[in-house]
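What follows is a set of notes on a single structure, which appears directly below.
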Amino acid sequence: MPDILHRTGIKSPSPNEAYKALATIEGLSGWWTDDTQGDSKVGGVITFRFGSQSSFDMKVLELEPGKRVLWQVLDGPAEWIGTKVGFDLEQDGDWTIVLFKHQGWKAPTESMHHCSTKWAVFMLSLKALVETGTGRPYPNDVRIDNWR
(Lines give C-alpha, C1' and ligand atoms only; values in the text may rest on other atoms or scores of the structure.)
Protein backbone atom coordinates (compact mmCIF):
# COMPACT_ATOMS: atom_id res chain seq x y z
CA MET A 1 0.00 0.00 0.00
CA PRO A 2 1.32 3.47 -0.85
CA ASP A 3 1.71 6.19 1.78
CA ILE A 4 1.95 9.99 1.67
CA LEU A 5 5.09 11.15 3.48
CA HIS A 6 6.33 14.65 4.30
CA ARG A 7 9.15 16.04 6.47
CA THR A 8 8.72 19.61 7.71
CA GLY A 9 11.16 21.59 9.84
CA ILE A 10 9.71 24.20 12.18
CA LYS A 11 11.99 26.77 13.79
CA SER A 12 11.12 26.07 17.42
CA PRO A 13 13.33 25.18 20.39
CA SER A 14 10.77 22.65 21.65
CA PRO A 15 8.24 20.33 20.02
CA ASN A 16 5.56 21.40 22.52
CA GLU A 17 4.10 24.19 20.35
CA ALA A 18 3.84 21.92 17.30
CA TYR A 19 2.29 19.23 19.50
CA LYS A 20 -0.36 21.68 20.76
CA ALA A 21 -1.16 22.61 17.16
CA LEU A 22 -1.65 18.92 16.33
CA ALA A 23 -3.39 17.73 19.49
CA THR A 24 -5.97 20.44 20.30
CA ILE A 25 -9.09 21.65 18.52
CA GLU A 26 -7.83 25.25 18.70
CA GLY A 27 -4.46 24.27 17.23
CA LEU A 28 -5.94 22.14 14.45
CA SER A 29 -8.33 24.92 13.42
CA GLY A 30 -5.34 27.24 13.17
CA TRP A 31 -3.61 25.33 10.36
CA TRP A 32 -5.90 22.72 8.71
CA THR A 33 -9.50 23.94 8.60
CA ASP A 34 -11.17 26.60 10.66
CA ASP A 35 -14.22 24.31 10.96
CA THR A 36 -12.76 21.74 13.37
CA GLN A 37 -14.87 20.24 16.16
CA GLY A 38 -14.91 17.26 18.47
CA ASP A 39 -12.98 15.52 21.20
CA SER A 40 -9.21 15.59 20.77
CA LYS A 41 -8.44 13.11 23.56
CA VAL A 42 -7.43 9.47 22.88
CA GLY A 43 -10.57 7.60 21.80
CA GLY A 44 -12.32 10.84 20.81
CA VAL A 45 -13.48 11.78 17.32
CA ILE A 46 -12.56 15.02 15.59
CA THR A 47 -14.58 16.30 12.62
CA PHE A 48 -12.83 18.43 10.01
CA ARG A 49 -15.13 20.22 7.54
CA PHE A 50 -14.03 21.86 4.31
CA GLY A 51 -17.12 23.86 3.37
CA SER A 52 -19.77 21.83 1.61
CA GLN A 53 -17.08 19.98 -0.37
CA SER A 54 -15.93 17.38 2.14
CA SER A 55 -15.56 16.42 5.76
CA PHE A 56 -13.49 13.88 7.64
CA ASP A 57 -14.08 12.16 10.98
CA MET A 58 -10.86 11.06 12.65
CA LYS A 59 -10.58 8.87 15.72
CA VAL A 60 -7.67 9.83 17.96
CA LEU A 61 -5.62 6.64 18.41
CA GLU A 62 -2.45 7.94 20.07
CA LEU A 63 -1.24 11.09 21.81
CA GLU A 64 2.27 11.20 23.17
CA PRO A 65 2.97 14.79 24.31
CA GLY A 66 5.79 16.38 22.36
CA LYS A 67 6.31 13.17 20.35
CA ARG A 68 3.35 11.72 18.43
CA VAL A 69 -0.24 12.17 17.24
CA LEU A 70 -2.06 9.39 15.36
CA TRP A 71 -5.60 9.30 13.94
CA GLN A 72 -7.67 6.79 11.99
CA VAL A 73 -10.16 7.98 9.38
CA LEU A 74 -13.69 6.83 10.27
CA ASP A 75 -15.68 8.84 7.73
CA GLY A 76 -14.94 10.87 4.63
CA PRO A 77 -14.12 10.01 1.03
CA ALA A 78 -14.12 6.24 0.46
CA GLU A 79 -10.38 6.20 -0.30
CA TRP A 80 -9.64 7.72 3.12
CA ILE A 81 -11.74 5.42 5.31
CA GLY A 82 -9.51 3.15 7.36
CA THR A 83 -6.32 5.06 6.53
CA LYS A 84 -4.20 6.49 9.33
CA VAL A 85 -2.75 9.97 9.65
CA GLY A 86 0.28 10.36 11.89
CA PHE A 87 2.64 13.09 13.02
CA ASP A 88 5.91 12.17 14.70
CA LEU A 89 7.89 14.99 16.31
CA GLU A 90 11.60 15.11 17.03
CA GLN A 91 13.92 17.88 18.09
CA ASP A 92 17.04 18.78 16.09
CA GLY A 93 18.74 21.76 17.73
CA ASP A 94 16.47 24.79 17.30
CA TRP A 95 14.21 22.89 14.92
CA THR A 96 11.20 20.69 15.53
CA ILE A 97 10.97 18.11 12.77
CA VAL A 98 7.49 16.85 11.86
CA LEU A 99 7.46 13.50 10.10
CA PHE A 100 4.00 13.21 8.54
CA LYS A 101 2.52 9.99 7.24
CA HIS A 102 -0.90 9.32 5.70
CA GLN A 103 -0.77 5.56 5.43
CA GLY A 104 -2.90 2.74 4.15
CA TRP A 105 -4.01 4.00 0.75
CA LYS A 106 -5.13 1.10 -1.42
CA ALA A 107 -3.77 2.58 -4.66
CA PRO A 108 -1.90 5.66 -5.89
CA THR A 109 -4.93 7.30 -7.51
CA GLU A 110 -5.19 10.83 -8.88
CA SER A 111 -6.98 11.76 -5.67
CA MET A 112 -3.98 10.55 -3.67
CA HIS A 113 -1.71 12.80 -5.76
CA HIS A 114 -3.99 15.74 -4.98
CA CYS A 115 -4.04 14.89 -1.27
CA SER A 116 -0.26 14.61 -1.16
CA THR A 117 0.10 18.15 -2.48
CA LYS A 118 -2.62 19.47 -0.17
CA TRP A 119 -0.96 17.81 2.84
CA ALA A 120 2.26 19.63 1.87
CA VAL A 121 0.32 22.92 1.72
CA PHE A 122 -1.13 22.25 5.16
CA MET A 123 2.24 21.21 6.62
CA LEU A 124 3.51 24.64 5.57
CA SER A 125 0.44 26.15 7.24
CA LEU A 126 1.35 24.26 10.43
CA LYS A 127 4.91 25.61 10.15
CA ALA A 128 3.60 29.17 9.76
CA LEU A 129 1.23 28.79 12.72
CA VAL A 130 3.97 27.62 15.08
CA GLU A 131 6.60 30.08 13.84
CA THR A 132 4.45 33.21 13.44
CA GLY A 133 1.18 32.54 15.24
CA THR A 134 -0.81 32.61 11.98
CA GLY A 135 -1.47 29.61 9.76
CA ARG A 136 -3.46 29.33 6.53
CA PRO A 137 -6.26 26.89 7.32
CA TYR A 138 -9.10 26.21 4.90
CA PRO A 139 -10.73 28.35 3.49
CA ASN A 140 -7.62 30.57 3.40
CA ASP A 141 -5.23 27.84 2.22
CA VAL A 142 -3.35 27.77 -1.07
CA ARG A 143 -5.64 26.53 -3.82
CA ILE A 144 -3.88 24.03 -6.09
CA ASP A 145 -6.64 23.04 -8.52
CA ASN A 146 -10.40 22.99 -9.08
CA TRP A 147 -11.15 20.15 -6.62
CA ARG A 148 -12.45 22.63 -4.11
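Labeling convention for the C-alpha coordinates: chains A, B, ... as they appear, residues from 1 per chain, ligands from 1 in order of appearance.
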Contact check, range 79-117 of chain A to range 52-62 of chain A, at most 9 Å, counting only C-alpha atoms, closest pairs as a tab-separated table:
```
residue	atom	partner	partner_atom	distance
A:Trp80	CA	A:Phe56	CA	8.6
A:Ile81	CA	A:Phe56	CA	9.0
A:Lys84	CA	A:Met58	CA	8.7
A:Val85	CA	A:Met58	CA	8.7
A:Gly86	CA	A:Glu62	CA	9.0
```
Could you give me, as CSV, every range 29-55 of chain A residue with an atom at most 6 Å from range 119-135 of chain A, plus its closest atom pair and distance in Å to one decimal, counting only C-alpha atoms, rows ordered by chain then number?
```
residue,atom,partner,partner_atom,distance
A:Gly30,CA,A:Gly135,CA,5.7
A:Trp31,CA,A:Gly135,CA,4.8
A:Trp32,CA,A:Phe122,CA,6.0
```
May I have the selected residues written with N, CA and C atoms, as an mmCIF file, in the first residue's frame?
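Contents of the output file again19.cif:
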```
data_model
loop_
_atom_site.group_PDB
_atom_site.id
_atom_site.type_symbol
_atom_site.label_atom_id
_atom_site.label_comp_id
_atom_site.auth_asym_id
_atom_site.auth_seq_id
_atom_site.Cartn_x
_atom_site.Cartn_y
_atom_site.Cartn_z
ATOM 1 N N GLY A 30 -6.263 26.184 13.548
ATOM 2 C CA GLY A 30 -5.343 27.242 13.174
ATOM 3 C C GLY A 30 -4.478 26.934 11.976
ATOM 4 N N TRP A 31 -4.453 25.655 11.528
ATOM 5 C CA TRP A 31 -3.612 25.329 10.357
ATOM 6 C C TRP A 31 -4.289 24.432 9.323
ATOM 7 N N TRP A 32 -5.319 23.634 9.698
ATOM 8 C CA TRP A 32 -5.896 22.724 8.710
ATOM 9 C C TRP A 32 -7.220 23.238 8.169
#
```
Using only C-alpha atoms, which protein or nucleic acid residues come within 9 Å of Glu79 in chain A? Drop anything in the same chain fewer than 2 positions from it, and give the result as a PyMOL selection string. chain A and resi 76-77+81-83+105-107+111-112
Can you write just those residues out, N, CA and C atoms, as a CSV table (one decimal), in the first residue's frame?
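Written out: again_3.csv:
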```
chain,number,residue,atom,x,y,z
A,76,GLY,N,-15.4,9.9,5.6
A,76,GLY,CA,-14.9,10.9,4.6
A,76,GLY,C,-15.0,10.2,3.3
A,77,PRO,N,-14.2,10.7,2.3
A,77,PRO,CA,-14.1,10.0,1.0
A,77,PRO,C,-13.8,8.5,1.2
A,81,ILE,N,-11.2,6.2,4.2
A,81,ILE,CA,-11.7,5.4,5.3
A,81,ILE,C,-10.8,4.3,5.6
A,82,GLY,N,-10.4,4.2,6.9
A,82,GLY,CA,-9.5,3.1,7.4
A,82,GLY,C,-8.0,3.5,7.3
A,83,THR,N,-7.7,4.6,6.6
A,83,THR,CA,-6.3,5.1,6.5
A,83,THR,C,-6.0,5.7,7.9
A,105,TRP,N,-3.3,3.8,2.0
A,105,TRP,CA,-4.0,4.0,0.7
A,105,TRP,C,-4.0,2.7,0.0
A,106,LYS,N,-5.1,2.4,-0.7
A,106,LYS,CA,-5.1,1.1,-1.4
A,106,LYS,C,-4.4,1.2,-2.8
A,107,ALA,N,-4.4,2.4,-3.3
A,107,ALA,CA,-3.8,2.6,-4.7
A,107,ALA,C,-3.4,4.0,-4.8
A,111,SER,N,-6.6,11.1,-6.9
A,111,SER,CA,-7.0,11.8,-5.7
A,111,SER,C,-5.8,11.7,-4.6
A,112,MET,N,-5.1,10.6,-4.6
A,112,MET,CA,-4.0,10.6,-3.7
A,112,MET,C,-2.9,11.6,-4.0
```
Give me the residues of range 36-142 of chain A that have any atom at most 7 Å from an atom of range 11-25 of chain A; for each, the nearest atom pair and the distance in Å, rounded to one decimal. Use only C-alpha atoms, sort by chain and number, and format it as a Markdown table.
```
| residue | atom | partner | partner_atom | distance |
| --- | --- | --- | --- | --- |
| A:Thr36 | CA | A:Ile25 | CA | 6.3 |
| A:Gln37 | CA | A:Ile25 | CA | 6.4 |
| A:Ser40 | CA | A:Thr24 | CA | 5.8 |
| A:Pro65 | CA | A:Tyr19 | CA | 6.6 |
| A:Gly66 | CA | A:Asn16 | CA | 5.0 |
| A:Val69 | CA | A:Ala23 | CA | 6.8 |
| A:Leu89 | CA | A:Pro15 | CA | 6.5 |
| A:Glu90 | CA | A:Pro15 | CA | 6.9 |
| A:Gln91 | CA | A:Pro15 | CA | 6.5 |
| A:Gly93 | CA | A:Pro13 | CA | 6.9 |
| A:Asp94 | CA | A:Pro13 | CA | 4.4 |
| A:Trp95 | CA | A:Lys11 | CA | 4.6 |
| A:Thr96 | CA | A:Pro15 | CA | 5.4 |
| A:Val130 | CA | A:Ala18 | CA | 6.1 |
| A:Glu131 | CA | A:Lys11 | CA | 6.3 |
```
For a quick check of understanding, using only C-alpha atoms, which of A:Cys115, A:Val73, A:Ala78, A:Ile97 has the smallest distance to Asp3 in chain A? A:Cys115
Students should find that CA of Ile4 in chain A and CA of Arg68 in chain A are spaced 16.9 Å
Check chain A with DSSP on the backbone and list each residue it calls strand (DSSP E or B), as a ChimeraX atom specification. /A:4-11,33,35-38,45-50,54-64,68-75,84-92,95-103,138
Which of chain A end up as helix (DSSP H, G or I) when DSSP is run on this backbone - answer as a ChimeraX atom specification? /A:16-23,25-29,110-132
Write out the residues from the selection above, keeping N, CA and C atoms, as a short mmCIF file (atom, residue, chain, number, x, y, z; two decimals), in the first residue's frame.
```cif
data_model
loop_
_atom_site.label_atom_id
_atom_site.label_comp_id
_atom_site.auth_asym_id
_atom_site.auth_seq_id
_atom_site.Cartn_x
_atom_site.Cartn_y
_atom_site.Cartn_z
N ASN A 16 6.83 21.22 21.81
CA ASN A 16 5.56 21.40 22.52
C ASN A 16 4.56 22.27 21.77
N GLU A 17 5.03 23.33 21.09
CA GLU A 17 4.10 24.19 20.35
C GLU A 17 3.52 23.45 19.14
N ALA A 18 4.34 22.71 18.44
CA ALA A 18 3.84 21.92 17.30
C ALA A 18 2.86 20.86 17.81
N TYR A 19 3.19 20.24 18.93
CA TYR A 19 2.29 19.23 19.50
C TYR A 19 0.93 19.84 19.82
N LYS A 20 0.92 21.02 20.45
CA LYS A 20 -0.36 21.68 20.76
C LYS A 20 -1.16 21.96 19.50
N ALA A 21 -0.47 22.33 18.42
CA ALA A 21 -1.16 22.61 17.16
C ALA A 21 -1.73 21.35 16.53
N LEU A 22 -1.19 20.19 16.88
CA LEU A 22 -1.65 18.92 16.33
C LEU A 22 -2.64 18.19 17.24
N ALA A 23 -2.65 18.53 18.51
CA ALA A 23 -3.39 17.73 19.49
C ALA A 23 -4.56 18.46 20.15
N ILE A 25 -8.14 21.13 19.51
CA ILE A 25 -9.09 21.65 18.52
C ILE A 25 -8.66 23.05 18.08
N GLU A 26 -8.27 23.89 19.03
CA GLU A 26 -7.83 25.25 18.70
C GLU A 26 -6.61 25.21 17.77
N GLY A 27 -5.65 24.37 18.08
CA GLY A 27 -4.46 24.27 17.23
C GLY A 27 -4.79 23.78 15.84
N LEU A 28 -5.58 22.71 15.75
CA LEU A 28 -5.94 22.14 14.45
C LEU A 28 -6.69 23.14 13.57
N SER A 29 -7.57 23.93 14.20
CA SER A 29 -8.33 24.92 13.42
C SER A 29 -7.45 26.09 13.00
N GLU A 110 -5.33 9.39 -8.66
CA GLU A 110 -5.19 10.83 -8.88
C GLU A 110 -5.58 11.60 -7.62
N SER A 111 -6.58 11.13 -6.92
CA SER A 111 -6.98 11.76 -5.67
C SER A 111 -5.84 11.74 -4.65
N MET A 112 -5.11 10.64 -4.60
CA MET A 112 -3.98 10.55 -3.67
C MET A 112 -2.91 11.58 -4.04
N HIS A 113 -2.67 11.78 -5.32
CA HIS A 113 -1.71 12.80 -5.76
C HIS A 113 -2.15 14.17 -5.27
N HIS A 114 -3.44 14.47 -5.45
CA HIS A 114 -3.99 15.74 -4.98
C HIS A 114 -3.80 15.88 -3.47
N CYS A 115 -4.15 14.84 -2.74
CA CYS A 115 -4.04 14.89 -1.27
C CYS A 115 -2.60 15.06 -0.82
N SER A 116 -1.66 14.45 -1.52
CA SER A 116 -0.26 14.61 -1.16
C SER A 116 0.16 16.08 -1.25
N THR A 117 -0.23 16.74 -2.33
CA THR A 117 0.10 18.15 -2.48
C THR A 117 -0.61 18.99 -1.43
N LYS A 118 -1.88 18.70 -1.18
CA LYS A 118 -2.62 19.47 -0.17
C LYS A 118 -2.03 19.25 1.22
N TRP A 119 -1.62 18.02 1.55
CA TRP A 119 -0.96 17.81 2.84
C TRP A 119 0.30 18.67 2.94
N ALA A 120 1.06 18.78 1.85
CA ALA A 120 2.26 19.63 1.87
C ALA A 120 1.87 21.08 2.14
N VAL A 121 0.82 21.55 1.49
CA VAL A 121 0.32 22.92 1.72
C VAL A 121 -0.02 23.10 3.19
N PHE A 122 -0.72 22.11 3.76
CA PHE A 122 -1.13 22.25 5.16
C PHE A 122 0.03 22.07 6.13
N MET A 123 1.05 21.30 5.76
CA MET A 123 2.24 21.21 6.62
C MET A 123 2.94 22.56 6.68
N LEU A 124 2.95 23.30 5.56
CA LEU A 124 3.51 24.64 5.57
C LEU A 124 2.64 25.60 6.38
N SER A 125 1.34 25.37 6.39
CA SER A 125 0.44 26.15 7.24
C SER A 125 0.73 25.88 8.72
N LEU A 126 0.97 24.61 9.06
CA LEU A 126 1.35 24.26 10.43
C LEU A 126 2.65 24.97 10.81
N LYS A 127 3.62 24.94 9.93
CA LYS A 127 4.91 25.61 10.15
C LYS A 127 4.68 27.10 10.43
N ALA A 128 3.88 27.74 9.59
CA ALA A 128 3.60 29.17 9.76
C ALA A 128 2.90 29.44 11.10
N LEU A 129 1.94 28.60 11.46
CA LEU A 129 1.23 28.79 12.72
C LEU A 129 2.19 28.76 13.90
N VAL A 130 3.05 27.76 13.95
CA VAL A 130 3.97 27.62 15.08
C VAL A 130 5.01 28.73 15.08
N GLU A 131 5.53 29.08 13.91
CA GLU A 131 6.60 30.08 13.84
C GLU A 131 6.12 31.51 13.98
N THR A 132 4.91 31.81 13.47
CA THR A 132 4.45 33.21 13.44
C THR A 132 3.17 33.45 14.21
#
```
What is the CA of Trp71 in chain A to CA of Lys41 in chain A distance in Å? 10.7 Å
